[in-house]
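Novice: If it helps, the file is called upload_21.cif and holds mmCIF, C-alpha atoms:
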data_coords
loop_
_atom_site.label_atom_id
_atom_site.label_comp_id
_atom_site.auth_asym_id
_atom_site.auth_seq_id
_atom_site.Cartn_x
_atom_site.Cartn_y
_atom_site.Cartn_z
CA MET H 5 0.00 0.00 0.00
CA THR H 6 1.46 3.35 -1.04
CA PHE H 7 0.70 6.65 0.59
CA ASP H 8 -0.71 9.30 -1.75
CA PHE H 9 0.52 12.73 -0.70
CA GLY H 10 -1.65 14.31 -3.39
CA MET H 11 -4.80 12.99 -1.73
CA LEU H 12 -3.47 14.14 1.62
CA GLY H 13 -3.03 17.61 0.13
CA ALA H 14 -6.64 17.60 -1.04
CA ALA H 15 -7.91 16.61 2.39
CA VAL H 16 -5.67 19.10 4.18
CA CYS H 17 -6.91 21.90 1.93
CA MET H 18 -10.52 21.15 2.82
CA GLY H 19 -9.78 20.76 6.53
CA ILE H 20 -7.74 23.93 6.92
CA ALA H 21 -10.32 25.99 5.00
CA ALA H 22 -13.10 24.61 7.22
CA ILE H 23 -11.13 25.46 10.38
CA GLY H 24 -10.85 29.05 9.16
CA SER H 25 -14.58 29.15 8.45
CA ALA H 26 -15.35 27.95 11.96
CA ILE H 27 -13.10 30.56 13.54
CA GLY H 28 -14.45 33.32 11.28
CA ILE H 29 -18.08 32.40 11.93
CA GLY H 30 -17.42 32.35 15.66
CA THR H 31 -15.83 35.78 15.57
CA ALA H 32 -18.49 37.35 13.35
CA GLY H 33 -21.23 35.65 15.35
CA GLN H 34 -19.91 37.13 18.58
CA GLY H 35 -20.03 40.57 16.99
CA ALA H 36 -23.59 40.07 15.78
CA ILE H 37 -24.78 38.80 19.16
CA GLY H 38 -23.12 41.72 20.93
CA ALA H 39 -24.74 44.20 18.55
CA TRP H 40 -28.16 42.58 19.04
CA LYS H 41 -27.74 42.70 22.81
CA ARG H 42 -26.93 46.40 22.65
CA CYS H 43 -30.01 46.99 20.51
CA TYR H 44 -32.23 45.16 23.00
CA VAL H 45 -30.73 47.03 25.96
CA ASN H 46 -31.41 50.34 24.20
CA ASN H 47 -34.93 49.29 23.07
CA LYS H 48 -33.89 49.55 19.41
CA PRO H 49 -34.88 47.05 16.73
CA ALA H 50 -32.24 44.33 16.30
CA PRO H 51 -31.34 44.11 12.59
CA PHE H 52 -31.68 40.55 11.28
CA ILE H 53 -29.30 41.44 8.43
CA LEU H 54 -26.39 40.93 10.86
CA THR H 55 -26.72 37.21 10.11
CA VAL H 56 -25.14 38.00 6.73
CA PHE H 57 -21.95 39.08 8.51
CA ALA H 58 -22.05 36.06 10.82
CA GLY H 59 -22.46 33.53 7.99
CA ALA H 60 -20.10 35.04 5.42
CA PRO H 61 -16.98 33.03 6.42
CA LEU H 62 -18.80 29.75 5.69
CA THR H 63 -18.09 30.07 1.98
CA GLN H 64 -14.40 29.28 2.47
CA THR H 65 -15.43 25.74 3.41
CA ILE H 66 -17.20 25.48 0.05
CA TYR H 67 -14.09 26.74 -1.76
CA GLY H 68 -11.97 24.21 0.11
CA PHE H 69 -14.35 21.45 -0.94
CA LEU H 70 -14.34 22.53 -4.59
CA LEU H 71 -10.56 22.67 -4.67
CA MET H 72 -10.35 19.30 -2.91
CA GLN H 73 -12.50 17.77 -5.68
CA THR H 74 -10.21 19.19 -8.36
CA MET H 75 -7.09 18.04 -6.53
CA ALA H 76 -8.47 14.52 -6.01
CA LYS H 77 -8.82 14.12 -9.77
CA ALA H 78 -5.23 15.33 -10.31
CA SER H 79 -3.58 13.43 -7.45
CA ALA H 80 -1.47 11.21 -9.71
CA THR H 81 0.30 14.11 -11.43
CA ASN H 82 2.75 15.31 -8.76
CA PRO H 83 1.80 14.33 -5.21
CA ALA H 84 4.36 16.55 -3.46
CA PHE H 85 3.23 19.57 -5.48
CA LEU H 86 -0.41 18.85 -4.64
CA LEU H 87 0.41 18.54 -0.95
CA GLY H 88 2.07 21.96 -1.12
CA ILE H 89 -0.88 23.45 -2.99
CA GLY H 90 -3.28 21.94 -0.46
CA ILE H 91 -1.45 23.39 2.52
CA ALA H 92 -0.84 26.82 0.96
CA SER H 93 -4.35 27.20 -0.46
CA GLY H 94 -5.98 25.87 2.68
CA LEU H 95 -4.09 28.41 4.77
CA ALA H 96 -5.00 31.23 2.37
CA MET H 97 -8.67 30.31 2.65
CA CYS H 98 -8.36 29.87 6.42
CA PHE H 99 -6.89 33.31 7.00
CA SER H 100 -9.35 34.84 4.56
CA ALA H 101 -12.23 33.44 6.63
CA ILE H 102 -10.68 34.66 9.88
CA ALA H 103 -10.20 38.16 8.45
CA GLN H 104 -13.73 38.06 7.10
CA GLY H 105 -15.04 37.14 10.55
CA LYS H 106 -13.22 40.08 12.11
CA ALA H 107 -14.54 42.45 9.45
CA GLY H 108 -18.04 41.01 9.92
CA ALA H 109 -17.85 41.53 13.67
CA ALA H 110 -16.84 45.15 13.16
CA GLY H 111 -19.60 45.61 10.58
CA SER H 112 -22.16 44.16 12.99
CA ASP H 113 -21.01 46.49 15.72
CA ALA H 114 -21.17 49.55 13.48
CA LEU H 115 -24.51 48.65 11.87
CA GLY H 116 -26.07 47.75 15.22
CA GLU H 117 -24.99 51.08 16.66
CA THR H 118 -25.86 53.38 13.76
CA GLY H 119 -28.30 51.43 11.58
CA LYS H 120 -26.33 52.71 8.59
CA GLY H 121 -23.55 51.62 6.26
CA PHE H 122 -24.43 48.02 5.41
CA ALA H 123 -23.24 48.38 1.80
CA GLN H 124 -19.84 49.70 2.83
CA TYR H 125 -19.37 47.07 5.54
CA ILE H 126 -20.32 44.18 3.28
CA MET H 127 -17.85 45.44 0.65
CA VAL H 128 -15.01 45.04 3.13
CA VAL H 129 -16.26 41.56 4.01
CA GLY H 130 -16.29 40.82 0.27
CA LEU H 131 -12.71 41.99 -0.14
CA CYS H 132 -11.65 39.45 2.48
CA GLU H 133 -13.58 36.81 0.52
CA THR H 134 -11.68 37.65 -2.65
CA VAL H 135 -8.45 36.25 -1.25
CA ALA H 136 -10.09 32.82 -0.83
CA LEU H 137 -11.60 32.97 -4.32
CA PHE H 138 -8.23 33.80 -5.86
CA ALA H 139 -6.52 31.01 -3.92
CA MET H 140 -9.13 28.51 -5.06
CA VAL H 141 -9.23 29.53 -8.72
CA PHE H 142 -5.47 29.90 -9.17
CA SER H 143 -4.89 26.56 -7.46
CA MET H 144 -7.49 24.89 -9.66
CA ILE H 145 -5.73 26.25 -12.73
CA VAL H 146 -2.34 24.85 -11.75
CA CYS H 147 -3.83 21.48 -10.73
CA LYS H 148 -5.31 20.79 -14.17
#
What would the structure in this file look like if it were written as structure tokens?
Specialist:
Amino acid sequence: MTFDFGMLGAAVCMGIAAIGSAIGIGTAGQGAIGAWKRCYVNNKPAPFILTVFAGAPLTQTIYGFLLMQTMAKASATNPAFLLGIGIASGLAMCFSAIAQGKAGAAGSDALGETGKGFAQYIMVVGLCETVALFAMVFSMIVCK
């Protein structure tokens, strides 16, 4: 039985991306819950739209899964290269999700306090997302 480092790279990519999503969702969720609490304390309506900030980092798990599927099909090409791609891309997606969670928490705080600026806040969250998209797409291109 031989060990396939390419398949390990695919699995690691998915796992690391999902870890980042979990951390990012936790961070953004804490911000949303804090903003809702402040709204309730001040007898202001609690904006449901804060769930967008809380859930945004979940997409990095999807990107990790999509890249894992591509890598699994290419695992015979160069296993060491695929392991490297899996680790590097997984980390890029992980840190993108963490940054997105922090931006989402700040956006929740600001929107909960002022009731204004959703479009600007979600743009910053989207910029954090772009890093994960680039990592996924560029990695898919080199894996083919």
Novice: Excluding stretch 98-106 of chain H and any residue of its chain fewer than 3 positions from it, enumerate the residues within 7 Å of it, using all atoms listed in the file, and give them as an NGL selection string.
Specialist: :H and (20-21 or 23-25 or 27-29 or 31-32 or 61 or 64 or 94-95 or 109-110 or 129 or 132-133 or 135-136)
Novice: Tell me which of H:Cys43, H:Met140, H:Ala92, H:Ala14 sits closest to H:Tyr67, counting only C-alpha atoms.
Specialist: H:Met140
Novice: Could you check the closest approach to H:Asp113 for each of H:Leu54, H:Leu86, H:Val146, H:Val45 and tell me which residue wins, using only C-alpha atoms?
Specialist: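 Looking only at the distances to H:Asp113, the closest residue turns out to be H:Leu54.
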Novice: Residues picked by the PyMOL selection byres ((chain H and resi 55) around 10) here, as a PyMOL selection string?
Specialist: chain H and resi 32-33+36-37+51-54+56-60+108+112
Novice: Which of these residues is nearest to H:Gly68, using all atoms listed in the file: H:Cys17, H:Met11, H:Ala96, H:Ile89?
Specialist: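 Nearest to H:Gly68: H:Cys17.
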Novice: Expanded to explicit residues, what is the PyMOL selection byres ((chain H and resi 85) around 12) for this file, as a VMD selection string?
Specialist: chain H and resid 8 to 14 75 78 to 84 86 to 93 143 146 to 147
Novice: May I ask which of the residues H:Ala15, H:Met127, H:Gly116, H:Leu62 is the closest one to H:Lys41, counting all atoms listed in the file?
Specialist: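 Smallest separation from H:Lys41 among the options: H:Gly116.
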Novice: Using all atoms listed in the file, can you tell me which of H:Tyr125, H:Met144, H:Gly30, H:Leu131 comes closest to H:Phe69?
Specialist: H:Met144
